[in-house]
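A.B. asks: Data: input_14.cif, mmCIF, C-alpha atoms.
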data_model
#
loop_
_atom_site.label_atom_id
_atom_site.label_comp_id
_atom_site.auth_asym_id
_atom_site.auth_seq_id
_atom_site.Cartn_x
_atom_site.Cartn_y
_atom_site.Cartn_z
CA MET A 1 0.00 0.00 0.00
CA THR A 2 1.12 3.52 -0.75
CA ARG A 3 1.73 5.70 2.33
CA LEU A 4 2.14 9.48 2.27
CA ILE A 5 3.04 12.08 4.87
CA GLN A 6 2.79 15.86 4.94
CA ILE A 7 5.74 17.77 6.39
CA LYS A 8 6.90 21.36 6.78
CA LYS A 9 10.18 23.21 7.30
CA GLY A 10 9.62 26.82 8.24
CA ASN A 11 7.03 28.09 5.76
CA VAL A 12 7.77 25.35 3.24
CA ARG A 13 5.34 22.44 2.98
CA ARG A 14 5.93 19.19 1.12
CA VAL A 15 4.41 15.75 0.62
CA ALA A 16 6.64 12.68 0.94
CA LEU A 17 6.29 9.04 -0.06
CA VAL A 18 7.07 6.55 2.72
CA GLU A 19 9.52 3.83 1.74
CA GLU A 20 10.75 2.46 5.07
CA PRO A 21 13.10 3.36 6.61
CA ASN A 22 13.14 6.50 4.47
CA VAL A 23 10.81 8.95 2.77
CA ARG A 24 11.14 10.64 -0.62
CA LEU A 25 9.84 14.14 -1.31
CA LEU A 26 7.37 14.59 -4.15
CA ASP A 27 8.31 17.05 -6.85
CA SER A 28 6.30 20.30 -6.95
CA CYS A 29 3.77 19.16 -4.36
CA SER A 30 2.97 21.09 -1.19
CA SER A 31 -0.15 19.21 -0.01
CA ILE A 32 -2.05 15.97 -0.42
CA TYR A 33 -5.07 18.19 -1.13
CA GLU A 34 -3.30 19.58 -4.21
CA LEU A 35 -2.07 16.13 -5.28
CA ALA A 36 -5.57 14.64 -5.01
CA HIS A 37 -7.16 17.34 -7.16
CA VAL A 38 -4.46 16.92 -9.82
CA ALA A 39 -5.04 13.15 -9.89
CA ILE A 40 -8.81 13.66 -10.16
CA ALA A 41 -8.44 16.16 -13.02
CA GLN A 42 -6.09 13.85 -14.92
CA GLY A 43 -8.09 10.69 -14.27
CA LYS A 44 -5.15 9.03 -12.50
CA THR A 45 -4.86 7.20 -9.21
CA LEU A 46 -3.36 9.11 -6.32
CA SER A 47 -0.81 6.35 -5.86
CA ASP A 48 0.41 6.61 -9.46
CA GLU A 49 0.61 10.40 -9.25
CA ALA A 50 2.61 10.20 -6.02
CA ARG A 51 5.08 7.60 -7.28
CA GLN A 52 5.67 9.46 -10.54
CA ARG A 53 6.59 12.60 -8.59
CA ALA A 54 8.85 10.93 -6.02
CA LEU A 55 12.37 12.37 -6.12
CA PRO A 56 15.37 10.02 -5.91
CA ASP A 57 16.97 11.39 -2.73
CA ALA A 58 15.98 9.58 0.49
CA ILE A 59 15.42 11.25 3.88
CA ASP A 60 15.67 9.33 7.16
CA TYR A 61 12.08 8.83 8.33
CA ASP A 62 13.12 8.11 11.93
CA LEU A 63 14.48 11.63 12.34
CA ILE A 64 11.21 13.18 11.15
CA TYR A 65 9.00 10.78 13.10
CA ASN A 66 10.90 11.33 16.35
CA GLY A 67 10.99 15.12 15.97
CA ARG A 68 14.76 15.36 15.44
CA ALA A 69 14.75 16.73 11.89
CA GLU A 70 14.21 20.16 10.39
CA TRP A 71 11.13 18.72 8.71
CA GLN A 72 8.13 18.47 11.06
CA LEU A 73 5.12 16.21 10.61
CA LEU A 74 1.73 17.72 9.78
CA PRO A 75 -1.61 15.90 9.89
CA PRO A 76 -1.71 13.69 6.78
CA VAL A 77 -4.50 15.81 5.28
CA ASP A 78 -5.78 19.35 5.67
CA HIS A 79 -7.15 22.20 3.63
CA PRO A 80 -3.92 24.11 2.97
CA ASP A 81 -5.63 27.50 2.51
CA GLU A 82 -8.64 27.53 4.83
CA SER A 83 -8.79 25.22 7.85
CA ALA A 84 -12.54 25.76 8.28
CA ARG A 85 -13.07 23.94 4.97
CA CYS A 86 -11.84 20.70 6.53
CA LEU A 87 -14.82 19.14 8.32
CA LEU A 88 -14.19 16.60 11.10
CA SER A 89 -17.03 14.20 11.92
CA GLY A 90 -17.70 10.65 12.98
CA THR A 91 -20.07 7.73 13.14
CA GLY A 92 -20.68 6.21 16.58
CA LEU A 93 -22.19 2.94 17.78
CA THR A 94 -20.58 1.01 14.94
CA HIS A 95 -18.95 -1.62 17.19
CA ILE A 96 -20.46 -3.79 19.92
CA GLY A 97 -17.92 -2.42 22.42
CA SER A 98 -19.03 1.18 21.92
CA ALA A 99 -22.68 0.22 22.27
CA ARG A 100 -21.90 -1.78 25.42
CA ASP A 101 -20.00 1.15 26.90
CA ARG A 102 -22.86 3.54 26.20
CA GLN A 103 -25.35 1.06 27.65
CA SER A 104 -23.36 0.83 30.87
CA MET A 105 -23.05 4.62 31.04
CA HIS A 106 -26.74 5.42 30.78
CA ALA A 107 -28.90 2.43 31.73
CA THR A 108 -30.64 2.86 35.09
CA THR A 109 -31.23 -0.88 35.56
CA SER A 110 -29.72 -4.00 34.02
CA GLU A 111 -32.97 -4.59 32.09
CA ASP A 112 -33.11 -1.13 30.49
CA MET A 113 -32.25 -0.82 26.81
CA THR A 114 -30.91 2.67 26.20
CA ASP A 115 -31.47 4.64 23.02
CA SER A 116 -27.80 4.01 22.22
CA MET A 117 -28.25 0.23 22.32
CA LYS A 118 -31.43 0.52 20.27
CA MET A 119 -29.56 2.46 17.62
CA PHE A 120 -26.76 -0.11 17.57
CA ARG A 121 -29.30 -2.91 17.08
CA TRP A 122 -30.95 -0.96 14.26
CA GLY A 123 -27.51 -0.86 12.66
CA VAL A 124 -27.13 -4.63 13.03
CA GLU A 125 -30.52 -5.10 11.37
CA GLY A 126 -30.28 -2.48 8.62
CA GLY A 127 -26.77 -1.04 8.42
CA ARG A 128 -25.43 -3.39 5.76
CA PRO A 129 -27.77 -3.13 2.76
CA GLY A 130 -26.96 -4.72 -0.58
CA VAL A 131 -24.91 -2.99 -3.26
CA GLY A 132 -26.70 0.10 -4.52
CA LYS A 133 -29.22 0.10 -1.67
CA ILE A 134 -29.64 2.53 1.21
CA GLY A 135 -29.61 1.24 4.77
CA ILE A 136 -30.59 2.77 8.07
CA ALA A 137 -28.77 5.93 9.13
CA PRO A 138 -26.00 5.52 11.74
CA GLU A 139 -25.35 7.87 14.61
CA TRP A 140 -23.46 10.93 13.34
CA PHE A 141 -21.61 13.66 15.20
CA HIS A 142 -19.70 16.84 14.37
CA LYS A 143 -16.13 16.90 15.67
CA GLY A 144 -14.91 20.31 14.56
CA THR A 145 -12.90 21.80 11.73
CA GLY A 146 -9.30 21.60 10.63
CA ASN A 147 -8.05 23.96 13.32
CA THR A 148 -8.70 21.24 15.94
CA LEU A 149 -6.80 18.54 14.01
CA ARG A 150 -3.40 17.60 15.41
CA ALA A 151 -0.42 15.73 14.00
CA HIS A 152 1.57 12.85 15.43
CA GLY A 153 3.60 14.15 18.38
CA GLU A 154 1.37 17.13 19.11
CA PRO A 155 -0.57 17.24 22.42
CA LEU A 156 -4.32 16.76 22.69
CA ASP A 157 -5.94 19.21 25.07
CA ILE A 158 -8.23 18.83 28.05
CA PRO A 159 -9.58 22.41 28.16
CA PHE A 160 -10.37 24.19 31.42
CA TYR A 161 -14.12 23.69 30.94
CA ALA A 162 -13.84 19.92 30.32
CA GLU A 163 -14.53 17.24 32.89
CA ASP A 164 -12.23 14.66 31.34
CA GLY A 165 -10.33 13.66 28.25
CA GLY A 166 -9.99 10.18 26.82
CA GLU A 167 -8.53 8.45 23.79
CA GLU A 168 -10.65 6.84 21.08
CA ALA A 169 -8.50 4.69 18.81
CA GLU A 170 -10.09 4.61 15.37
CA ILE A 171 -9.60 4.51 11.62
CA ALA A 172 -10.76 7.60 9.73
CA GLY A 173 -11.68 8.05 6.09
CA VAL A 174 -10.22 11.04 4.26
CA TYR A 175 -12.18 12.64 1.41
CA VAL A 176 -12.08 15.59 -0.95
CA ILE A 177 -15.04 16.97 -2.88
CA ASP A 178 -14.30 17.36 -6.58
CA ARG A 179 -15.32 20.27 -8.82
CA GLU A 180 -18.66 18.61 -9.64
CA GLY A 181 -19.53 18.08 -5.98
CA HIS A 182 -18.72 14.36 -5.86
CA PRO A 183 -17.03 12.94 -2.73
CA VAL A 184 -13.77 11.12 -3.47
CA ARG A 185 -12.11 8.92 -0.86
CA VAL A 186 -8.38 9.57 -1.10
CA GLY A 187 -7.31 7.23 1.70
CA MET A 188 -7.56 6.32 5.36
CA ALA A 189 -5.48 7.05 8.44
CA VAL A 190 -5.08 6.05 12.06
CA GLY A 191 -6.89 8.47 14.35
CA ASN A 192 -7.39 9.37 17.99
CA GLU A 193 -10.91 10.80 18.26
CA PHE A 194 -10.28 12.36 21.66
CA SER A 195 -13.47 13.02 23.69
CA ASP A 196 -14.82 13.98 27.13
CA HIS A 197 -16.38 10.74 28.36
CA GLN A 198 -17.07 11.97 31.88
CA PHE A 199 -19.24 14.80 30.53
CA GLU A 200 -21.02 12.37 28.17
CA ARG A 201 -21.62 9.93 31.00
CA LYS A 202 -23.75 12.44 32.91
CA ASN A 203 -26.37 12.44 30.15
CA TYR A 204 -26.24 11.03 26.62
CA LEU A 205 -27.52 14.39 25.34
CA ASN A 206 -24.07 15.73 26.25
CA LEU A 207 -22.55 13.61 23.49
CA ALA A 208 -22.48 16.49 20.98
CA GLY A 209 -20.56 18.77 23.32
CA SER A 210 -18.24 16.00 24.48
CA LYS A 211 -16.94 15.59 20.92
CA LEU A 212 -15.81 19.21 20.45
CA ARG A 213 -12.20 18.59 21.37
CA THR A 214 -8.86 18.40 19.61
CA CYS A 215 -8.13 15.09 17.88
CA ALA A 216 -5.22 13.53 16.02
CA LEU A 217 -4.65 11.83 12.69
CA GLY A 218 -1.69 10.10 11.15
CA PRO A 219 1.17 10.15 10.90
CA GLU A 220 0.46 8.64 7.48
CA LEU A 221 -2.29 8.63 4.89
CA VAL A 222 -2.68 5.11 3.48
CA LEU A 223 -4.04 4.97 -0.05
CA ASP A 224 -6.64 2.27 -0.75
CA PRO A 225 -5.98 0.14 2.36
CA GLU A 226 -7.70 -3.10 3.23
CA PHE A 227 -10.67 -2.24 5.45
CA ASP A 228 -12.10 -5.62 6.37
CA SER A 229 -10.79 -6.71 9.78
CA ILE A 230 -7.92 -4.66 11.16
CA PRO A 231 -6.20 -5.26 14.51
CA VAL A 232 -5.83 -1.99 16.43
CA THR A 233 -3.86 -1.63 19.65
CA SER A 234 -4.52 1.29 21.96
CA THR A 235 -2.01 2.02 24.73
CA ILE A 236 -1.74 4.55 27.56
CA GLU A 237 1.71 5.33 28.99
CA ARG A 238 2.32 7.17 32.25
CA ASP A 239 5.75 8.22 33.46
CA GLY A 240 7.36 6.16 30.71
CA LYS A 241 5.56 2.91 31.62
CA VAL A 242 2.55 1.17 30.10
CA LEU A 243 -0.49 1.90 32.26
CA TRP A 244 -3.12 0.25 30.05
CA THR A 245 -3.26 -1.47 26.68
CA LYS A 246 -5.86 -3.36 24.69
CA THR A 247 -6.25 -4.74 21.17
CA PHE A 248 -9.51 -4.86 19.22
CA ARG A 249 -10.52 -5.21 15.59
CA THR A 250 -12.16 -2.68 13.32
CA GLY A 251 -13.17 -2.65 9.66
CA GLU A 252 -16.29 -3.59 7.74
CA SER A 253 -16.42 -7.16 9.04
CA GLU A 254 -16.30 -5.86 12.61
CA MET A 255 -18.92 -3.12 12.25
CA CYS A 256 -22.70 -3.08 12.06
CA HIS A 257 -22.66 -0.53 9.22
CA SER A 258 -20.98 -1.00 5.85
CA LEU A 259 -18.58 1.61 4.57
CA GLN A 260 -20.97 2.30 1.69
CA ASN A 261 -23.80 3.01 4.12
CA ILE A 262 -21.69 5.27 6.34
CA GLU A 263 -20.48 7.26 3.36
CA HIS A 264 -23.95 7.62 1.88
CA HIS A 265 -25.44 8.98 5.07
CA HIS A 266 -22.58 11.43 5.54
CA PHE A 267 -22.55 12.75 1.99
CA LYS A 268 -26.31 12.77 1.39
CA PHE A 269 -26.37 16.28 2.84
CA ASP A 270 -25.84 18.98 0.23
CA ALA A 271 -23.65 20.95 2.66
CA HIS A 272 -21.24 17.97 2.77
CA ARG A 273 -20.67 18.04 -0.99
CA ARG A 274 -19.32 21.55 -1.46
CA PRO A 275 -16.61 21.50 -4.15
CA GLY A 276 -13.13 21.92 -2.74
CA ASP A 277 -13.92 20.86 0.83
CA VAL A 278 -12.02 18.20 2.80
CA HIS A 279 -13.73 15.67 5.10
CA VAL A 280 -12.22 13.50 7.81
CA HIS A 281 -14.74 10.96 9.13
CA PHE A 282 -14.00 8.68 12.10
CA PHE A 283 -15.49 5.17 11.87
CA GLY A 284 -15.71 4.29 15.56
CA THR A 285 -13.92 2.20 18.16
CA ASP A 286 -14.48 -0.95 20.20
CA CYS A 287 -12.59 -0.13 23.39
CA LEU A 288 -11.79 2.79 25.67
CA SER A 289 -9.47 3.04 28.65
CA PHE A 290 -12.29 5.03 30.30
CA SER A 291 -14.36 1.83 30.40
CA ASP A 292 -11.62 0.25 32.53
CA HIS A 293 -11.75 3.20 34.95
CA ILE A 294 -8.61 4.86 33.63
CA ARG A 295 -8.65 8.63 33.98
CA LEU A 296 -6.03 10.33 31.81
CA GLN A 297 -3.91 13.07 33.28
CA ASP A 298 -1.47 15.70 32.12
CA GLY A 299 1.60 14.13 30.49
CA ASP A 300 0.06 10.71 29.72
CA VAL A 301 0.93 9.47 26.24
CA MET A 302 -1.70 7.84 24.04
CA GLN A 303 -0.60 5.51 21.25
CA VAL A 304 -2.66 3.98 18.46
CA VAL A 305 -1.31 1.27 16.17
CA ALA A 306 -3.34 -0.24 13.32
CA GLU A 307 -1.94 -3.14 11.30
CA GLY A 308 -1.19 -2.04 7.74
CA PHE A 309 -1.55 1.68 8.50
CA GLY A 310 2.07 2.66 9.02
CA ARG A 311 3.80 3.93 12.11
CA PRO A 312 2.06 4.46 15.47
CA LEU A 313 0.20 7.66 16.24
CA ARG A 314 1.44 9.10 19.54
CA ASN A 315 0.08 12.16 21.35
CA ALA A 316 0.49 13.41 24.89
CA VAL A 317 -2.36 14.67 27.05
CA ARG A 318 -2.12 18.37 27.92
CA GLU A 319 -4.44 19.59 30.65
CA ASP A 320 -5.36 23.25 30.95
CA LYS A 321 -5.57 23.89 34.69
CA SER A 322 -6.32 27.58 34.44
CA THR A 323 -9.25 29.10 36.32
CA PRO A 324 -12.49 29.04 34.29
CA THR A 325 -13.50 32.45 32.99
CA LEU A 326 -16.86 33.64 31.74
CA ILE A 327 -17.01 34.14 27.98
CA LYS A 328 -19.18 37.14 27.12
CA ALA A 329 -20.78 38.06 23.82
CA HIS A 330 -20.76 41.81 23.32
CA SER A 331 -23.79 43.55 21.90
CA LEU A 332 -23.28 45.55 18.73
CA LYS A 333 -25.47 48.58 19.31
#
The structure given in the file should be rewritten as structure tokens.
C.D. replies:
Amino acid sequence: MTRLIQIKKGNVRRVALVEEPNVRLLDSCSSIYELAHVAIAQGKTLSDEARQRALPDAIDYDLIYNGRAEWQLLPPVDHPDESARCLLSGTGLTHIGSARDRQSMHATTSEDMTDSMKMFRWGVEGGRPGVGKIGIAPEWFHKGTGNTLRAHGEPLDIPFYAEDGGEEAEIAGVYVIDREGHPVRVGMAVGNEFSDHQFERKNYLNLAGSKLRTCALGPELVLDPEFDSIPVTSTIERDGKVLWTKTFRTGESEMCHSLQNIEHHHFKFDAHRRPGDVHVHFFGTDCLSFSDHIRLQDGDVMQVVAEGFGRPLRNAVREDKSTPTLIKAHSLK
């Protein structure tokens, strides 16, 4: 599989092709966004376009990945000119683990079936329609825009108003909208869909607000990966030691909704097919450290590894411990 990274040095941005243990810069290419639109216009695959542009000189990937090079990693996709035109979103309740976690959060008795479990069961019954057919809509949430997207090695923030912060190890689809308004999947990447589970636990109607946090993607964009049954390992490190780790599987065979159904229900909205926009859509997880009573704290390191998706995504937790202040809207008289 072809793997790409985005990097910068000062004000210079480049795209590089991963060929372990090195990377090769692409000629005349400052963003995957640009590369994707060129490939679309020329009717070529993104992989072919990338390999044709790869320059011969190799750069040590370890130095970039470990933050010891002049080149710094960026998220593997963004809108290079306007961050607000990169929409971050996700589909929840796609895995039995997420439904079970929600059930345990909000059920008042062991016999209660929460709305979350009902929605998961609807997905089991109608989330995998035949080719060309439309299935039941999955849960959908807004995550933010490109200004909340972080790269490998950058911290994820627990803001002063949050009650918690917790990792969500996932795979995300990356899309651009072409000039005719058609969504084009350019690849997939490892993600950490960081959320406030303590706030959500109080009431499931807090879910929308709990998702408005920074999140991470990368370090690599994988072009046309296998998305059937992928082992994913999520790990929490504290003070240099492993505090918690768990492996689960994601992909179409492990989910109650097909990829086709998820994509249809995301892109059926006219506002999600605006030419030139970028979309990053998280496909859900099957395990959380929060479910095992782990509460992340400042300095903890979260790691996500997905088989076949390149190097691990690592991000530290950064907690804002400042005193909450009232945000006022001023009247324009």
A.B. asks: Please evaluate the PyMOL selection byres ((chain A and resi 234) around 10) against the displayed coordinates and give the resulting residues as a PyMOL selection string.
C.D. replies: chain A and resi 167-170+192+232-233+235-236+244-248+287-289+302-306+312-313
A.B. asks: Quick one: pull the distance between atom CA of His264 of chain A and atom CA of Val186 of chain A, Å, one decimal.
C.D. replies: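 Those two atoms sit 16.0 Å apart.
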A.B. asks: If the PyMOL selection byres ((chain A and resi 126) around 9) were run on this exact file, what residues would it hold? Put them as a CSV table (one decimal) with C-alpha atoms, in the frame of the given file.
C.D. replies:
chain,number,residue,atom,x,y,z
A,121,ARG,CA,-29.3,-2.9,17.1
A,122,TRP,CA,-31.0,-1.0,14.3
A,123,GLY,CA,-27.5,-0.9,12.7
A,124,VAL,CA,-27.1,-4.6,13.0
A,125,GLU,CA,-30.5,-5.1,11.4
A,127,GLY,CA,-26.8,-1.0,8.4
A,128,ARG,CA,-25.4,-3.4,5.8
A,129,PRO,CA,-27.8,-3.1,2.8
A,134,ILE,CA,-29.6,2.5,1.2
A,135,GLY,CA,-29.6,1.2,4.8
A,136,ILE,CA,-30.6,2.8,8.1
A,137,ALA,CA,-28.8,5.9,9.1
A,256,CYS,CA,-22.7,-3.1,12.1
A,257,HIS,CA,-22.7,-0.5,9.2
A.B. asks: Fewer than 6 positions away in the same chain doesn't count, so skip those; otherwise give me all residues within 10 Å of Ser30 of chain A, counting only C-alpha atoms, as an MDAnalysis selection string.
C.D. replies: chainID A and resid 6:8 12:16 80
A.B. asks: Write out as a list in words which residues come within 9 Å of Leu87 of chain A when counting only C-alpha atoms, dropping same-chain ones fewer than 2 positions away.
C.D. replies: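 Using only C-alpha atoms, the neighbours found are Ser83, Ala84, Arg85, Ser89, His142, Lys143, Gly144, Thr145, Gly146, His272, Asp277, Val278, His279, Val280 and His281 of chain A.
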A.B. asks: Run the PyMOL selection byres ((chain A and resi 301) around 7) against the file shown and list the residues it catches, as a PyMOL selection string.
C.D. replies: chain A and resi 236-238+299-300+302-303+314-317
A.B. asks: From (-4.5, 13.7, 17.8), in the file's coordinates, out to 7 Å: which residues are reached, counting all atoms listed in the file? Answer as a short mmCIF file (atom, residue, chain, number, x, y, z; two decimals) with C-alpha atoms, in the coordinates of the input.
C.D. replies:
data_model
loop_
_atom_site.label_atom_id
_atom_site.label_comp_id
_atom_site.auth_asym_id
_atom_site.auth_seq_id
_atom_site.Cartn_x
_atom_site.Cartn_y
_atom_site.Cartn_z
CA LEU A 149 -6.80 18.54 14.01
CA ARG A 150 -3.40 17.60 15.41
CA ALA A 151 -0.42 15.73 14.00
CA HIS A 152 1.57 12.85 15.43
CA GLU A 154 1.37 17.13 19.11
CA LEU A 156 -4.32 16.76 22.69
CA GLY A 191 -6.89 8.47 14.35
CA ASN A 192 -7.39 9.37 17.99
CA THR A 214 -8.86 18.40 19.61
CA CYS A 215 -8.13 15.09 17.88
CA ALA A 216 -5.22 13.53 16.02
CA LEU A 217 -4.65 11.83 12.69
CA ASN A 315 0.08 12.16 21.35
#
A.B. asks: I'd like to know which of A:Gly132, A:Pro324, A:Pro183, A:Gly218 is closest to Phe309 of chain A, using only C-alpha atoms.
C.D. replies: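 Closest to Phe309 of chain A, using only C-alpha atoms: A:Gly218.
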A.B. asks: Excluding Ile5 of chain A and its own-chain neighbours fewer than 4 positions away, which residues fall within 8 Å of it when counting all atoms listed in the file? Please give them as JSON, numbers by chain.
C.D. replies: {"A": [15, 16, 17, 18, 73, 74, 75, 76, 219, 220, 221]}
A.B. asks: Looking at all atoms listed in the file, which of A:Ile40, A:Val77, A:Cys29, A:Leu55 is the one that sits closest to Ile177 of chain A?
C.D. replies: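 Answer, going by the shortest atom-to-atom distance: A:Ile40.
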A.B. asks: Set up a box along x, y and z of the file covering all listed atoms of segment 282-293 of chain A, add 5 Å on every one of the six sides, and write the centre and edge lengths in Å to one decimal, as lines of an AutoDock Vina configuration file.
C.D. replies:
center_x = -12.6
center_y = 3.9
center_z = 23.4
size_x = 16.2
size_y = 19.6
size_z = 33.1
A.B. asks: Go through A:Gly240, A:Ser331, A:Pro138, A:Thr94 and flag the residue nearest Ser253 of chain A, using only C-alpha atoms for the distances.
C.D. replies: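 For Ser253 of chain A, the nearest of the given residues is A:Thr94.
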A.B. asks: Do you know which residues lie at most 8 Å from (-10.7, -6.1, 15.0), with coordinates as in the file and only C-alpha atoms counted, and could you write them as a PyMOL selection string?
C.D. replies: chain A and resi 229-232+247-251+254
A.B. asks: Pull C-alpha atoms from the residues just selected and write them as a PDB file, in the frame of the given file.
C.D. replies:
ATOM      1  CA  SER A 229     -10.790  -6.710   9.780  1.00  0.00           C
ATOM      2  CA  ILE A 230      -7.920  -4.660  11.160  1.00  0.00           C
ATOM      3  CA  PRO A 231      -6.200  -5.260  14.510  1.00  0.00           C
ATOM      4  CA  VAL A 232      -5.830  -1.990  16.430  1.00  0.00           C
ATOM      5  CA  THR A 247      -6.250  -4.740  21.170  1.00  0.00           C
ATOM      6  CA  PHE A 248      -9.510  -4.860  19.220  1.00  0.00           C
ATOM      7  CA  ARG A 249     -10.520  -5.210  15.590  1.00  0.00           C
ATOM      8  CA  THR A 250     -12.160  -2.680  13.320  1.00  0.00           C
ATOM      9  CA  GLY A 251     -13.170  -2.650   9.660  1.00  0.00           C
ATOM     10  CA  GLU A 254     -16.300  -5.860  12.610  1.00  0.00           C
TER      11      GLU A 254
END
A.B. asks: Which one is closest to Ser116 of chain A: A:Asn66, A:Asn203, A:Ser28, A:Ser47? Count all atoms listed in the file.
C.D. replies: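 Residue with the minimum atom-to-atom distance to Ser116 of chain A: A:Asn203.
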A.B. asks: For a test of reading the model, state the distance in Å between atom CA of Arg24 of chain A and atom CA of Arg51 of chain A, rounded to one decimal.
C.D. replies: 9.5 Å
A.B. asks: Just how far from atom CA of Asp78 of chain A is atom CA of Ile158 of chain A, in Å to one decimal?
C.D. replies: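 Computed distance, atom CA of Ile158 of chain A to atom CA of Asp78 of chain A, equals 22.5 Å.
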A.B. asks: Taking into account only C-alpha atoms, which residue in the set A:Arg185, A:His293, A:Lys211, A:Lys268 is nearest to Leu88 of chain A?
C.D. replies: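 Of A:Arg185, A:His293, A:Lys211, A:Lys268, the one nearest Leu88 of chain A, counting only C-alpha atoms, is A:Lys211.
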A.B. asks: Tell me which protein, DNA and RNA residues are within 9 Å of Val222 of chain A, counting only C-alpha atoms, leaving out same-chain ones fewer than 3 positions away, and put them as a PDB file with C-alpha atoms, keeping the file's coordinate frame.
C.D. replies:
ATOM      1  CA  MET A   1       0.000   0.000   0.000  1.00  0.00           C
ATOM      2  CA  THR A   2       1.120   3.520  -0.750  1.00  0.00           C
ATOM      3  CA  ARG A   3       1.730   5.700   2.330  1.00  0.00           C
ATOM      4  CA  LEU A   4       2.140   9.480   2.270  1.00  0.00           C
ATOM      5  CA  VAL A 186      -8.380   9.570  -1.100  1.00  0.00           C
ATOM      6  CA  GLY A 187      -7.310   7.230   1.700  1.00  0.00           C
ATOM      7  CA  MET A 188      -7.560   6.320   5.360  1.00  0.00           C
ATOM      8  CA  ALA A 189      -5.480   7.050   8.440  1.00  0.00           C
ATOM      9  CA  VAL A 190      -5.080   6.050  12.060  1.00  0.00           C
ATOM     10  CA  PRO A 225      -5.980   0.140   2.360  1.00  0.00           C
ATOM     11  CA  GLY A 308      -1.190  -2.040   7.740  1.00  0.00           C
ATOM     12  CA  PHE A 309      -1.550   1.680   8.500  1.00  0.00           C
ATOM     13  CA  GLY A 310       2.070   2.660   9.020  1.00  0.00           C
TER      14      GLY A 310
END
